[in-house]
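data_12.pdb, holding PDB, C-alpha atoms:
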```
ATOM      1  CA  LEU A   1      29.543  11.996 -40.844
ATOM      2  CA  GLY A   2      28.962  13.172 -44.393
ATOM      3  CA  ARG A   3      28.926  16.635 -45.859
ATOM      4  CA  ASP A   4      25.124  16.649 -46.244
ATOM      5  CA  LEU A   5      24.382  16.847 -42.524
ATOM      6  CA  HIS A   6      23.242  20.315 -41.551
ATOM      7  CA  LEU A   7      21.044  21.894 -38.885
ATOM      8  CA  ASP A   8      19.459  25.264 -39.681
ATOM      9  CA  ILE A   9      16.664  26.364 -37.318
ATOM     10  CA  ASN A  10      15.628  30.028 -37.346
ATOM     11  CA  PHE A  11      13.429  31.460 -34.602
ATOM     12  CA  GLU A  12      11.727  34.862 -34.684
ATOM     13  CA  ASP A  13       9.565  36.274 -31.908
ATOM     14  CA  PHE A  14       7.273  39.307 -32.091
ATOM     15  CA  GLY A  15       5.040  40.498 -29.308
ATOM     16  CA  GLY A  16       3.880  43.181 -26.977
ATOM     17  CA  ARG A  17       2.535  43.897 -23.518
ATOM     18  CA  LEU A  18      -0.284  46.083 -22.222
ATOM     19  CA  GLU A  19      -0.595  46.944 -18.516
ATOM     20  CA  TRP A  20      -2.977  48.931 -16.319
ATOM     21  CA  ARG A  21      -2.103  50.016 -12.777
ATOM     22  CA  HIS A  22      -4.061  51.450  -9.904
ATOM     23  CA  ASP A  23      -2.210  52.678  -6.809
ATOM     24  CA  SER A  24      -3.547  53.748  -3.430
ATOM     25  CA  ASN A  25      -2.012  54.116   0.016
ATOM     26  CA  ASP A  26      -2.238  50.461   1.044
ATOM     27  CA  GLU A  27      -3.064  48.655  -2.206
ATOM     28  CA  ASN A  28      -1.517  48.340  -5.657
ATOM     29  CA  LEU A  29      -3.352  46.602  -8.486
ATOM     30  CA  LEU A  30      -1.704  45.505 -11.741
ATOM     31  CA  VAL A  31      -3.578  43.950 -14.673
ATOM     32  CA  GLY A  32      -1.813  43.017 -17.885
ATOM     33  CA  MET A  33      -1.887  41.133 -21.169
ATOM     34  CA  GLU A  34       0.912  39.730 -23.331
ATOM     35  CA  TYR A  35       0.958  38.486 -26.894
ATOM     36  CA  ASP A  36       3.703  36.528 -28.641
ATOM     37  CA  HIS A  37       3.823  35.528 -32.302
ATOM     38  CA  THR A  38       6.658  33.196 -33.260
ATOM     39  CA  ILE A  39       7.909  32.050 -36.640
ATOM     40  CA  THR A  40      10.186  29.019 -36.735
ATOM     41  CA  GLY A  41      11.877  27.858 -39.907
ATOM     42  CA  ASN A  42      13.646  24.524 -40.173
ATOM     43  CA  ASN A  43      15.753  23.585 -43.177
ATOM     44  CA  SER A  44      17.778  20.662 -41.912
ATOM     45  CA  TYR A  45      19.051  17.186 -42.588
ATOM     46  CA  PHE A  46      20.306  16.018 -39.249
ATOM     47  CA  VAL A  47      20.075  13.339 -36.609
ATOM     48  CA  GLU A  48      17.240  13.063 -34.134
ATOM     49  CA  ILE A  49      18.379  15.473 -31.423
ATOM     50  CA  PRO A  50      18.740  13.723 -28.033
ATOM     51  CA  GLY A  51      17.063  15.189 -24.984
ATOM     52  CA  GLU A  52      18.425  15.762 -21.490
ATOM     53  CA  GLY A  53      19.406  12.582 -19.673
ATOM     54  CA  THR A  54      20.072  10.503 -22.789
ATOM     55  CA  ALA A  55      22.506   7.824 -21.631
ATOM     56  CA  SER A  56      24.355   7.249 -24.888
ATOM     57  CA  PHE A  57      24.313   8.879 -28.275
ATOM     58  CA  ASP A  58      26.211   7.998 -31.449
ATOM     59  CA  LEU A  59      26.016  10.674 -34.121
ATOM     60  CA  THR A  60      27.112   8.278 -36.866
ATOM     61  CA  THR A  61      24.365   5.703 -36.320
ATOM     62  CA  ALA A  62      21.530   7.931 -35.050
ATOM     63  CA  THR A  63      18.351   8.229 -37.115
ATOM     64  CA  LYS A  64      18.534  10.956 -39.766
ATOM     65  CA  ILE A  65      15.622  13.330 -40.311
ATOM     66  CA  SER A  66      14.962  15.721 -43.185
ATOM     67  CA  ALA A  67      12.887  18.894 -42.760
ATOM     68  CA  ASN A  68      12.124  21.928 -44.881
ATOM     69  CA  GLU A  69       9.232  23.776 -43.286
ATOM     70  CA  SER A  70       8.128  26.765 -41.261
ATOM     71  CA  TYR A  71       5.386  27.002 -38.664
ATOM     72  CA  LEU A  72       3.669  29.705 -36.640
ATOM     73  CA  ALA A  73       2.764  29.762 -32.959
ATOM     74  CA  ASP A  74       0.741  32.325 -31.024
ATOM     75  CA  ASN A  75       0.636  32.722 -27.264
ATOM     76  CA  VAL A  76      -1.796  34.977 -25.381
ATOM     77  CA  GLY A  77      -1.257  35.578 -21.684
ATOM     78  CA  GLY A  78      -3.110  37.511 -19.029
ATOM     79  CA  TYR A  79      -2.169  38.282 -15.438
ATOM     80  CA  VAL A  80      -3.378  40.153 -12.395
ATOM     81  CA  ASN A  81      -1.454  41.009  -9.253
ATOM     82  CA  GLU A  82      -2.527  42.967  -6.170
ATOM     83  CA  LYS A  83      -0.318  44.097  -3.295
ATOM     84  CA  PHE A  84      -1.589  44.891   0.186
ATOM     85  CA  LYS A  85       0.152  46.600   3.096
ATOM     86  CA  TRP A  86      -1.121  45.740   6.568
ATOM     87  CA  LEU A  87      -0.085  45.981  10.232
ATOM     88  CA  ASP A  88       1.194  49.545   9.970
ATOM     89  CA  LYS A  89       2.817  48.580   6.663
ATOM     90  CA  LYS A  90       5.035  45.978   8.334
ATOM     91  CA  LEU A  91       3.426  43.207   6.278
ATOM     92  CA  GLU A  92       3.326  43.350   2.478
ATOM     93  CA  LEU A  93       1.262  40.640   0.777
ATOM     94  CA  SER A  94       1.090  40.031  -2.969
ATOM     95  CA  LEU A  95      -1.583  37.847  -4.611
ATOM     96  CA  GLY A  96      -1.373  37.006  -8.300
ATOM     97  CA  LEU A  97      -2.825  34.855 -11.048
ATOM     98  CA  ARG A  98      -1.563  34.186 -14.573
ATOM     99  CA  GLY A  99      -3.049  32.308 -17.515
ATOM    100  CA  ASP A 100      -1.579  31.470 -20.949
ATOM    101  CA  TYR A 101      -3.190  30.071 -24.078
ATOM    102  CA  LEU A 102      -1.046  28.491 -26.805
ATOM    103  CA  ALA A 103      -3.079  28.575 -30.011
ATOM    104  CA  TYR A 104      -0.618  26.237 -31.779
ATOM    105  CA  ASN A 105      -1.958  23.188 -29.954
ATOM    106  CA  THR A 106      -4.894  24.755 -28.010
ATOM    107  CA  HIS A 107      -3.159  24.266 -24.665
ATOM    108  CA  PHE A 108      -4.152  26.448 -21.695
ATOM    109  CA  THR A 109      -2.295  26.846 -18.385
ATOM    110  CA  TRP A 110      -3.008  28.936 -15.308
ATOM    111  CA  GLY A 111      -1.403  29.290 -11.928
ATOM    112  CA  PRO A 112      -1.790  31.237  -8.677
ATOM    113  CA  ARG A 113       1.106  33.009  -6.960
ATOM    114  CA  ILE A 114       1.539  34.490  -3.502
ATOM    115  CA  SER A 115       4.435  36.288  -1.817
ATOM    116  CA  ALA A 116       4.854  38.055   1.501
ATOM    117  CA  ALA A 117       7.424  40.208   3.293
ATOM    118  CA  TYR A 118       7.298  41.013   6.994
ATOM    119  CA  LEU A 119       9.404  43.754   8.591
ATOM    120  CA  LEU A 120      10.528  42.033  11.776
ATOM    121  CA  SER A 121      12.580  45.081  12.782
ATOM    122  CA  ASP A 122      14.113  48.119  11.109
ATOM    123  CA  ASP A 123      16.998  45.902  10.009
ATOM    124  CA  THR A 124      15.417  42.463   9.479
ATOM    125  CA  THR A 125      12.877  41.356   6.873
ATOM    126  CA  LEU A 126      11.405  37.875   6.471
ATOM    127  CA  LYS A 127      10.293  36.903   2.957
ATOM    128  CA  GLY A 128       8.505  33.999   1.340
ATOM    129  CA  SER A 129       6.742  33.064  -1.865
ATOM    130  CA  TYR A 130       4.799  30.188  -3.405
ATOM    131  CA  GLY A 131       3.521  29.775  -6.918
ATOM    132  CA  TYR A 132       2.748  27.719  -9.993
ATOM    133  CA  TYR A 133       4.908  28.525 -13.023
ATOM    134  CA  TYR A 134       4.785  27.210 -16.588
ATOM    135  CA  GLN A 135       7.372  27.305 -19.357
ATOM    136  CA  LEU A 136       6.865  26.227 -22.943
ATOM    137  CA  PRO A 137       9.945  25.072 -24.907
ATOM    138  CA  TRP A 138       9.502  27.590 -27.719
ATOM    139  CA  GLN A 139      12.944  27.579 -29.269
ATOM    140  CA  GLY A 140      14.662  24.638 -30.902
ATOM    141  CA  PRO A 141      13.140  21.490 -32.375
ATOM    142  CA  TYR A 142      10.543  20.693 -29.694
ATOM    143  CA  LEU A 143       7.409  21.853 -31.543
ATOM    144  CA  ASP A 144       8.748  21.079 -35.014
ATOM    145  CA  PRO A 145       6.550  18.606 -36.945
ATOM    146  CA  SER A 146       9.583  16.633 -38.176
ATOM    147  CA  PHE A 147      12.119  16.838 -35.337
ATOM    148  CA  GLY A 148       9.722  17.396 -32.444
ATOM    149  CA  ASN A 149       6.175  16.896 -31.257
ATOM    150  CA  PRO A 150       3.605  19.656 -31.899
ATOM    151  CA  LYS A 151       1.396  18.264 -29.132
ATOM    152  CA  ILE A 152       3.774  18.797 -26.216
ATOM    153  CA  PHE A 153       2.728  21.366 -23.660
ATOM    154  CA  SER A 154       4.269  23.571 -21.009
ATOM    155  CA  GLU A 155       6.491  22.243 -18.255
ATOM    156  CA  LYS A 156       5.131  22.916 -14.751
ATOM    157  CA  GLY A 157       7.048  24.052 -11.692
ATOM    158  CA  ILE A 158       5.708  24.573  -8.161
ATOM    159  CA  SER A 159       8.145  26.945  -6.471
ATOM    160  CA  THR A 160       8.605  27.720  -2.777
ATOM    161  CA  ILE A 161      11.118  30.307  -1.500
ATOM    162  CA  LEU A 162      11.888  31.335   2.094
ATOM    163  CA  GLY A 163      14.476  33.933   3.050
ATOM    164  CA  VAL A 164      15.678  36.589   5.427
ATOM    165  CA  GLU A 165      17.280  39.961   4.667
ATOM    166  CA  GLN A 166      19.468  41.735   7.195
ATOM    167  CA  LYS A 167      21.035  45.195   7.309
ATOM    168  CA  LEU A 168      24.432  44.838   8.988
ATOM    169  CA  GLY A 169      25.447  48.474   9.341
ATOM    170  CA  ASP A 170      28.191  50.467   7.615
ATOM    171  CA  GLY A 171      26.378  49.945   4.312
ATOM    172  CA  PHE A 172      26.473  46.137   4.410
ATOM    173  CA  TYR A 173      23.448  44.034   3.537
ATOM    174  CA  ALA A 174      23.035  40.241   3.726
ATOM    175  CA  ARG A 175      20.431  37.829   2.390
ATOM    176  CA  VAL A 176      19.926  34.086   2.829
ATOM    177  CA  GLU A 177      17.341  32.222   0.735
ATOM    178  CA  GLY A 178      16.307  28.602   0.456
ATOM    179  CA  TYR A 179      14.172  27.303  -2.370
ATOM    180  CA  ASN A 180      12.460  24.158  -3.619
ATOM    181  CA  LYS A 181      10.925  23.634  -7.068
ATOM    182  CA  ASP A 182       8.953  20.491  -7.902
ATOM    183  CA  LEU A 183       8.791  19.802 -11.640
ATOM    184  CA  THR A 184       6.181  17.898 -13.629
ATOM    185  CA  ASP A 185       5.341  17.575 -17.325
ATOM    186  CA  VAL A 186       9.054  17.925 -18.136
ATOM    187  CA  VAL A 187       9.838  17.478 -21.833
ATOM    188  CA  VAL A 188      11.945  14.337 -22.398
ATOM    189  CA  SER A 189      13.005  12.238 -25.367
ATOM    190  CA  ASP A 190      10.603   9.669 -26.769
ATOM    191  CA  PRO A 191      11.766   6.921 -29.194
ATOM    192  CA  ILE A 192       8.524   7.082 -31.201
ATOM    193  CA  ILE A 193       7.182  10.660 -31.095
ATOM    194  CA  HIS A 194      10.550  12.378 -30.422
ATOM    195  CA  TYR A 195       9.412  14.176 -27.228
ATOM    196  CA  ASN A 196       6.746  13.821 -24.553
ATOM    197  CA  ASN A 197       5.844  15.417 -21.198
ATOM    198  CA  ASP A 198       6.451  12.354 -19.012
ATOM    199  CA  GLY A 199       9.426  13.730 -17.077
ATOM    200  CA  THR A 200       9.442  14.877 -13.458
ATOM    201  CA  GLY A 201      12.085  16.153 -11.068
ATOM    202  CA  TYR A 202      13.038  18.745  -8.517
ATOM    203  CA  SER A 203      15.530  21.506  -7.880
ATOM    204  CA  ARG A 204      16.402  22.765  -4.398
ATOM    205  CA  GLY A 205      19.133  24.796  -2.827
ATOM    206  CA  VAL A 206      20.271  27.739  -0.735
ATOM    207  CA  GLU A 207      21.910  31.057  -1.628
ATOM    208  CA  PHE A 208      24.028  33.415   0.489
ATOM    209  CA  PHE A 209      24.464  37.014  -0.604
ATOM    210  CA  LEU A 210      26.521  39.862   0.911
ATOM    211  CA  ARG A 211      26.479  43.356  -0.593
ATOM    212  CA  ARG A 212      28.266  46.614   0.152
ATOM    213  CA  ALA A 213      26.160  49.627  -0.746
ATOM    214  CA  PRO A 214      27.827  52.025  -3.216
ATOM    215  CA  THR A 215      30.025  54.725  -1.734
ATOM    216  CA  GLU A 216      31.815  57.532  -3.523
ATOM    217  CA  ARG A 217      34.552  55.079  -4.516
ATOM    218  CA  PHE A 218      33.584  51.464  -3.840
ATOM    219  CA  PHE A 219      30.832  48.986  -4.666
ATOM    220  CA  GLY A 220      30.798  45.193  -4.465
ATOM    221  CA  TRP A 221      28.993  41.982  -3.608
ATOM    222  CA  ILE A 222      29.699  38.296  -2.945
ATOM    223  CA  SER A 223      27.343  35.363  -3.443
ATOM    224  CA  TYR A 224      27.434  31.599  -3.062
ATOM    225  CA  ALA A 225      24.722  29.158  -4.127
ATOM    226  CA  PHE A 226      24.435  25.436  -3.521
ATOM    227  CA  SER A 227      21.823  23.456  -5.431
ATOM    228  CA  ASP A 228      20.691  19.905  -6.117
ATOM    229  CA  SER A 229      18.752  19.083  -9.299
ATOM    230  CA  VAL A 230      17.371  15.629 -10.089
ATOM    231  CA  ARG A 231      15.320  14.329 -13.008
ATOM    232  CA  HIS A 232      13.119  11.276 -13.581
ATOM    233  CA  ASN A 233      12.730  10.882 -17.334
ATOM    234  CA  SER A 234      11.034   7.467 -17.258
ATOM    235  CA  PRO A 235       9.782   4.928 -14.706
ATOM    236  CA  GLY A 236      12.690   3.763 -12.567
ATOM    237  CA  ASP A 237      15.052   6.465 -13.817
ATOM    238  CA  THR A 238      16.694   8.866 -11.364
ATOM    239  CA  HIS A 239      19.690  10.943 -12.364
ATOM    240  CA  VAL A 240      21.362  14.248 -11.648
ATOM    241  CA  TYR A 241      20.220  16.891 -14.125
ATOM    242  CA  ASP A 242      22.711  17.094 -16.998
ATOM    243  CA  TYR A 243      23.117  20.857 -16.614
ATOM    244  CA  ASP A 244      23.176  20.930 -12.812
ATOM    245  CA  GLN A 245      25.669  23.368 -11.275
ATOM    246  CA  PRO A 246      25.756  22.418  -7.574
ATOM    247  CA  ASN A 247      28.197  25.160  -6.571
ATOM    248  CA  ILE A 248      28.289  28.718  -7.889
ATOM    249  CA  ALA A 249      30.396  31.443  -6.285
ATOM    250  CA  THR A 250      30.581  35.031  -7.577
ATOM    251  CA  VAL A 251      32.614  38.069  -6.532
ATOM    252  CA  VAL A 252      32.037  41.537  -8.035
ATOM    253  CA  ALA A 253      33.864  44.716  -7.046
ATOM    254  CA  SER A 254      34.358  48.199  -8.493
ATOM    255  CA  TYR A 255      36.648  50.994  -7.285
ATOM    256  CA  LYS A 256      36.779  54.585  -8.545
ATOM    257  CA  ILE A 257      40.410  55.701  -8.744
ATOM    258  CA  ASN A 258      39.531  59.237  -9.812
ATOM    259  CA  PRO A 259      36.688  60.989 -11.680
ATOM    260  CA  GLY A 260      37.934  59.606 -14.980
ATOM    261  CA  TRP A 261      38.979  56.072 -14.056
ATOM    262  CA  ASP A 262      37.201  53.056 -12.539
ATOM    263  CA  VAL A 263      38.682  49.607 -12.033
ATOM    264  CA  GLY A 264      36.527  46.542 -11.559
ATOM    265  CA  ILE A 265      36.749  42.796 -11.177
ATOM    266  CA  LYS A 266      34.309  39.925 -11.606
ATOM    267  CA  TRP A 267      35.173  36.356 -10.620
ATOM    268  CA  ARG A 268      32.895  33.345 -10.967
ATOM    269  CA  TYR A 269      33.364  29.715 -10.074
ATOM    270  CA  SER A 270      30.927  26.921 -10.858
ATOM    271  CA  SER A 271      30.984  23.157 -10.668
ATOM    272  CA  GLY A 272      29.020  20.664 -12.694
ATOM    273  CA  LEU A 273      28.098  20.565 -16.368
TER     274      LEU A 273
END
```
I'd like the structure from this file rewritten - as structure tokens, please.
Amino acid sequence: LGRDLHLDINFEDFGGRLEWRHDSNDENLLVGMEYDHTITGNNSYFVEIPGEGTASFDLTTATKISANESYLADNVGGYVNEKFKWLDKKLELSLGLRGDYLAYNTHFTWGPRISAAYLLSDDTTLKGSYGYYYQLPWQGPYLDPSFGNPKIFSEKGISTILGVEQKLGDGFYARVEGYNKDLTDVVVSDPIIHYNNDGTGYSRGVEFFLRRAPTERFFGWISYAFSDSVRHNSPGDTHVYDYDQPNIATVVASYKINPGWDVGIKWRYSSGL
């Protein structure tokens, strides 16, 4: 491969958040702002980095790129969220809106969000949510002028979640949730401009969760999640997401032997990758 190949990308992020809250008996209002300032330095001589879903990649013959630069990016975000409690506080409704402006390439995104929880009985709660979410690929080579594409913008996800929570007695609590996320503007590899936002896809699944409330000696929970993630990186392309983990099972338990000693265990199984 040659001793000259090297990849050195440094990423620094500075920012802050300012929030204002107003609470009353049946309403809660939250208004906030966020600011992020990032500094990315790239001193590399390396191959063009392949994106997710690349069918074949040969490090020895791939195009080499040289970069010695640093660039700044600023992101300003604002959000508002209000919660209402109706029907003798059995129904809790949350309405939200968030907007983000990326000064680096003058890209603006905004999305509404709504969630609700209804107390069906003292032991059963129905929950649901729907919203537009955006994520910019800050870290790595994506915005780099040499390795990436400074004009790419945020990936978009439309998320829907439905679930039920149930108190089982004796300190046990169970939750079942199903979700679906439709993806657009996904960042994918481009043979000419390195990356573009032409990808689409979806992720859907269901999660089961059982928890034992802490006692004087014991605490634990068990979860299992099944998911299906698919990407379409170009016309006619359909493939399972490279980093899909269709099965994830987790067991966590802790037991207090005496006031000075605790013993715990965590076990996790996943398939895919």
Open item on the list: Using Å and a single decimal, report how far atom CA of A:Tyr134 sits from atom CA of A:Tyr241.
Closed with: 18.7 Å
Open item on the list: Evaluated on this file, the PyMOL selection byres ((chain A and resi 120) around 12) picks out some residues - which ones are they, written as a list in words?
Closed with: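 Checking the PyMOL selection byres ((chain A and resi 120) around 12) against this file, the residues are Leu87, Lys89, Lys90, Leu91, Glu92, Ala117, Tyr118, Leu119, Ser121, Asp122, Asp123, Thr124, Thr125, Leu126, Lys127, Val164, Glu165, Gln166 and Lys167 of chain A.
With distances taken over all atoms listed in the file, A:Leu136 is the one residue among A:Leu136, A:Val176, A:Ile158, A:Asp144 lying closest to A:Asn197.
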- [ ] Report the distance between atom CA of A:Ala103 and atom CA of A:His194 in Å, rounded to one decimal place.
- [x]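 That distance, rounded to one decimal, is 21.2 Å.
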Selection dump of the PyMOL selection byres ((chain A and resi 192) around 12), as a short mmCIF file (atom, residue, chain, number, x, y, z; two decimals) with C-alpha atoms, in the coordinates of the input:
```
data_model
loop_
_atom_site.label_atom_id
_atom_site.label_comp_id
_atom_site.auth_asym_id
_atom_site.auth_seq_id
_atom_site.Cartn_x
_atom_site.Cartn_y
_atom_site.Cartn_z
CA GLU A 48 17.24 13.06 -34.13
CA THR A 63 18.35 8.23 -37.12
CA SER A 146 9.58 16.63 -38.18
CA PHE A 147 12.12 16.84 -35.34
CA GLY A 148 9.72 17.40 -32.44
CA ASN A 149 6.18 16.90 -31.26
CA VAL A 188 11.94 14.34 -22.40
CA SER A 189 13.00 12.24 -25.37
CA ASP A 190 10.60 9.67 -26.77
CA PRO A 191 11.77 6.92 -29.19
CA ILE A 193 7.18 10.66 -31.10
CA HIS A 194 10.55 12.38 -30.42
CA TYR A 195 9.41 14.18 -27.23
CA ASN A 196 6.75 13.82 -24.55
#
```
- [ ] Would you list the contacts of A:Arg17 as a ChimeraX atom specification, taking every protein, DNA or RNA residue within 8 Å and counting only C-alpha atoms, but skipping same-chain residues closer than 6 positions in sequence?
- [x] /A:32-35
TODO: Determine the residue set returned by the PyMOL selection byres ((chain A and resi 78) around 10) for the present structure, and present it as a ChimeraX atom specification.
DONE: /A:17-19,31-35,76-77,79-80,97-101,110
- [ ] Quick one: pull the distance between atom CA of A:Val206 and atom CA of A:Ser229, Å, one decimal.
- [x] 12.3 Å
Could you give me, as an mmCIF file with C-alpha atoms, keeping the file's coordinate frame, the residues within 12 Å of A:Phe11, counting all atoms listed in the file and dropping anything in the same chain fewer than 4 positions from it?
```
data_model
loop_
_atom_site.group_PDB
_atom_site.id
_atom_site.type_symbol
_atom_site.label_atom_id
_atom_site.label_comp_id
_atom_site.auth_asym_id
_atom_site.auth_seq_id
_atom_site.Cartn_x
_atom_site.Cartn_y
_atom_site.Cartn_z
ATOM 1 C CA HIS A 37 3.823 35.528 -32.302
ATOM 2 C CA THR A 38 6.658 33.196 -33.260
ATOM 3 C CA ILE A 39 7.909 32.050 -36.640
ATOM 4 C CA THR A 40 10.186 29.019 -36.735
ATOM 5 C CA GLY A 41 11.877 27.858 -39.907
ATOM 6 C CA ASN A 42 13.646 24.524 -40.173
ATOM 7 C CA ASN A 43 15.753 23.585 -43.177
ATOM 8 C CA SER A 70 8.128 26.765 -41.261
ATOM 9 C CA TYR A 71 5.386 27.002 -38.664
ATOM 10 C CA LEU A 72 3.669 29.705 -36.640
ATOM 11 C CA ALA A 73 2.764 29.762 -32.959
ATOM 12 C CA TRP A 138 9.502 27.590 -27.719
ATOM 13 C CA GLN A 139 12.944 27.579 -29.269
ATOM 14 C CA GLY A 140 14.662 24.638 -30.902
ATOM 15 C CA PRO A 141 13.140 21.490 -32.375
ATOM 16 C CA LEU A 143 7.409 21.853 -31.543
ATOM 17 C CA ASP A 144 8.748 21.079 -35.014
#
```
Task: Option closest in space to A:Phe172, from A:Trp20, A:Phe209, A:Phe84, A:Tyr142 [counting only C-alpha atoms] - done: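 Selected residue with least distance to A:Phe172: A:Phe209.
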Padding 5 Å on every side, please: axis-aligned box over the listed atoms of stretch 238-250 of chain A, centre and edge lengths to one decimal in Å, as AutoDock Vina command-line options.
```
--center_x 23.6 --center_y 21.9 --center_z -11.6 --size_x 23.9 --size_y 36.2 --size_z 20.7
```
Task: Using all atoms listed in the file: which of A:Ile49, A:Lys83, A:Ile9, A:Val252 has the shortest distance to A:Asn28 - done: A:Lys83
Only N, CA and C atoms needed: put stretch 100-116 of chain A from the block into a file as a PDB file, in the first residue's frame.
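Everything below was put into part.pdb:
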```
ATOM      1  N   ASP A 100     -33.115  24.334  12.003  1.00  0.00           N
ATOM      2  CA  ASP A 100     -31.652  24.419  12.062  1.00  0.00           C
ATOM      3  C   ASP A 100     -31.132  25.109  10.808  1.00  0.00           C
ATOM      4  N   TYR A 101     -30.142  25.966  11.005  1.00  0.00           N
ATOM      5  CA  TYR A 101     -29.502  26.662   9.895  1.00  0.00           C
ATOM      6  C   TYR A 101     -28.013  26.361   9.916  1.00  0.00           C
ATOM      7  N   LEU A 102     -27.515  25.770   8.817  1.00  0.00           N
ATOM      8  CA  LEU A 102     -26.096  25.468   8.674  1.00  0.00           C
ATOM      9  C   LEU A 102     -25.457  26.564   7.826  1.00  0.00           C
ATOM     10  N   ALA A 103     -24.680  27.430   8.487  1.00  0.00           N
ATOM     11  CA  ALA A 103     -24.081  28.563   7.788  1.00  0.00           C
ATOM     12  C   ALA A 103     -23.043  28.123   6.767  1.00  0.00           C
ATOM     13  N   TYR A 104     -22.473  26.931   6.932  1.00  0.00           N
ATOM     14  CA  TYR A 104     -21.390  26.467   6.052  1.00  0.00           C
ATOM     15  C   TYR A 104     -21.842  26.434   4.597  1.00  0.00           C
ATOM     16  N   ASN A 105     -23.070  25.954   4.359  1.00  0.00           N
ATOM     17  CA  ASN A 105     -23.570  25.916   2.991  1.00  0.00           C
ATOM     18  C   ASN A 105     -24.978  26.514   2.882  1.00  0.00           C
ATOM     19  N   THR A 106     -25.338  27.383   3.847  1.00  0.00           N
ATOM     20  CA  THR A 106     -26.613  28.109   3.880  1.00  0.00           C
ATOM     21  C   THR A 106     -27.809  27.175   3.704  1.00  0.00           C
ATOM     22  N   HIS A 107     -27.792  26.061   4.403  1.00  0.00           N
ATOM     23  CA  HIS A 107     -28.875  25.086   4.313  1.00  0.00           C
ATOM     24  C   HIS A 107     -29.749  25.182   5.566  1.00  0.00           C
ATOM     25  N   PHE A 108     -31.066  25.255   5.361  1.00  0.00           N
ATOM     26  CA  PHE A 108     -32.014  25.381   6.463  1.00  0.00           C
ATOM     27  C   PHE A 108     -32.981  24.206   6.452  1.00  0.00           C
ATOM     28  N   THR A 109     -33.234  23.625   7.631  1.00  0.00           N
ATOM     29  CA  THR A 109     -34.206  22.543   7.770  1.00  0.00           C
ATOM     30  C   THR A 109     -35.149  22.867   8.920  1.00  0.00           C
ATOM     31  N   TRP A 110     -36.372  22.367   8.824  1.00  0.00           N
ATOM     32  CA  TRP A 110     -37.320  22.524   9.925  1.00  0.00           C
ATOM     33  C   TRP A 110     -38.275  21.335   9.899  1.00  0.00           C
ATOM     34  N   GLY A 111     -38.785  20.991  11.071  1.00  0.00           N
ATOM     35  CA  GLY A 111     -39.682  19.858  11.126  1.00  0.00           C
ATOM     36  C   GLY A 111     -40.589  19.883  12.341  1.00  0.00           C
ATOM     37  N   PRO A 112     -41.872  19.542  12.144  1.00  0.00           N
ATOM     38  CA  PRO A 112     -42.811  19.445  13.260  1.00  0.00           C
ATOM     39  C   PRO A 112     -42.729  18.085  13.947  1.00  0.00           C
ATOM     40  N   ARG A 113     -43.139  18.043  15.203  1.00  0.00           N
ATOM     41  CA  ARG A 113     -43.137  16.801  15.977  1.00  0.00           C
ATOM     42  C   ARG A 113     -44.352  16.781  16.894  1.00  0.00           C
ATOM     43  N   ILE A 114     -44.946  15.615  17.045  1.00  0.00           N
ATOM     44  CA  ILE A 114     -46.091  15.455  17.926  1.00  0.00           C
ATOM     45  C   ILE A 114     -45.994  14.110  18.636  1.00  0.00           C
ATOM     46  N   SER A 115     -46.349  14.083  19.902  1.00  0.00           N
ATOM     47  CA  SER A 115     -46.390  12.833  20.663  1.00  0.00           C
ATOM     48  C   SER A 115     -47.567  12.890  21.623  1.00  0.00           C
ATOM     49  N   ALA A 116     -48.066  11.711  21.980  1.00  0.00           N
ATOM     50  CA  ALA A 116     -49.227  11.646  22.863  1.00  0.00           C
ATOM     51  C   ALA A 116     -49.124  10.391  23.723  1.00  0.00           C
TER      52      ALA A 116
END
```
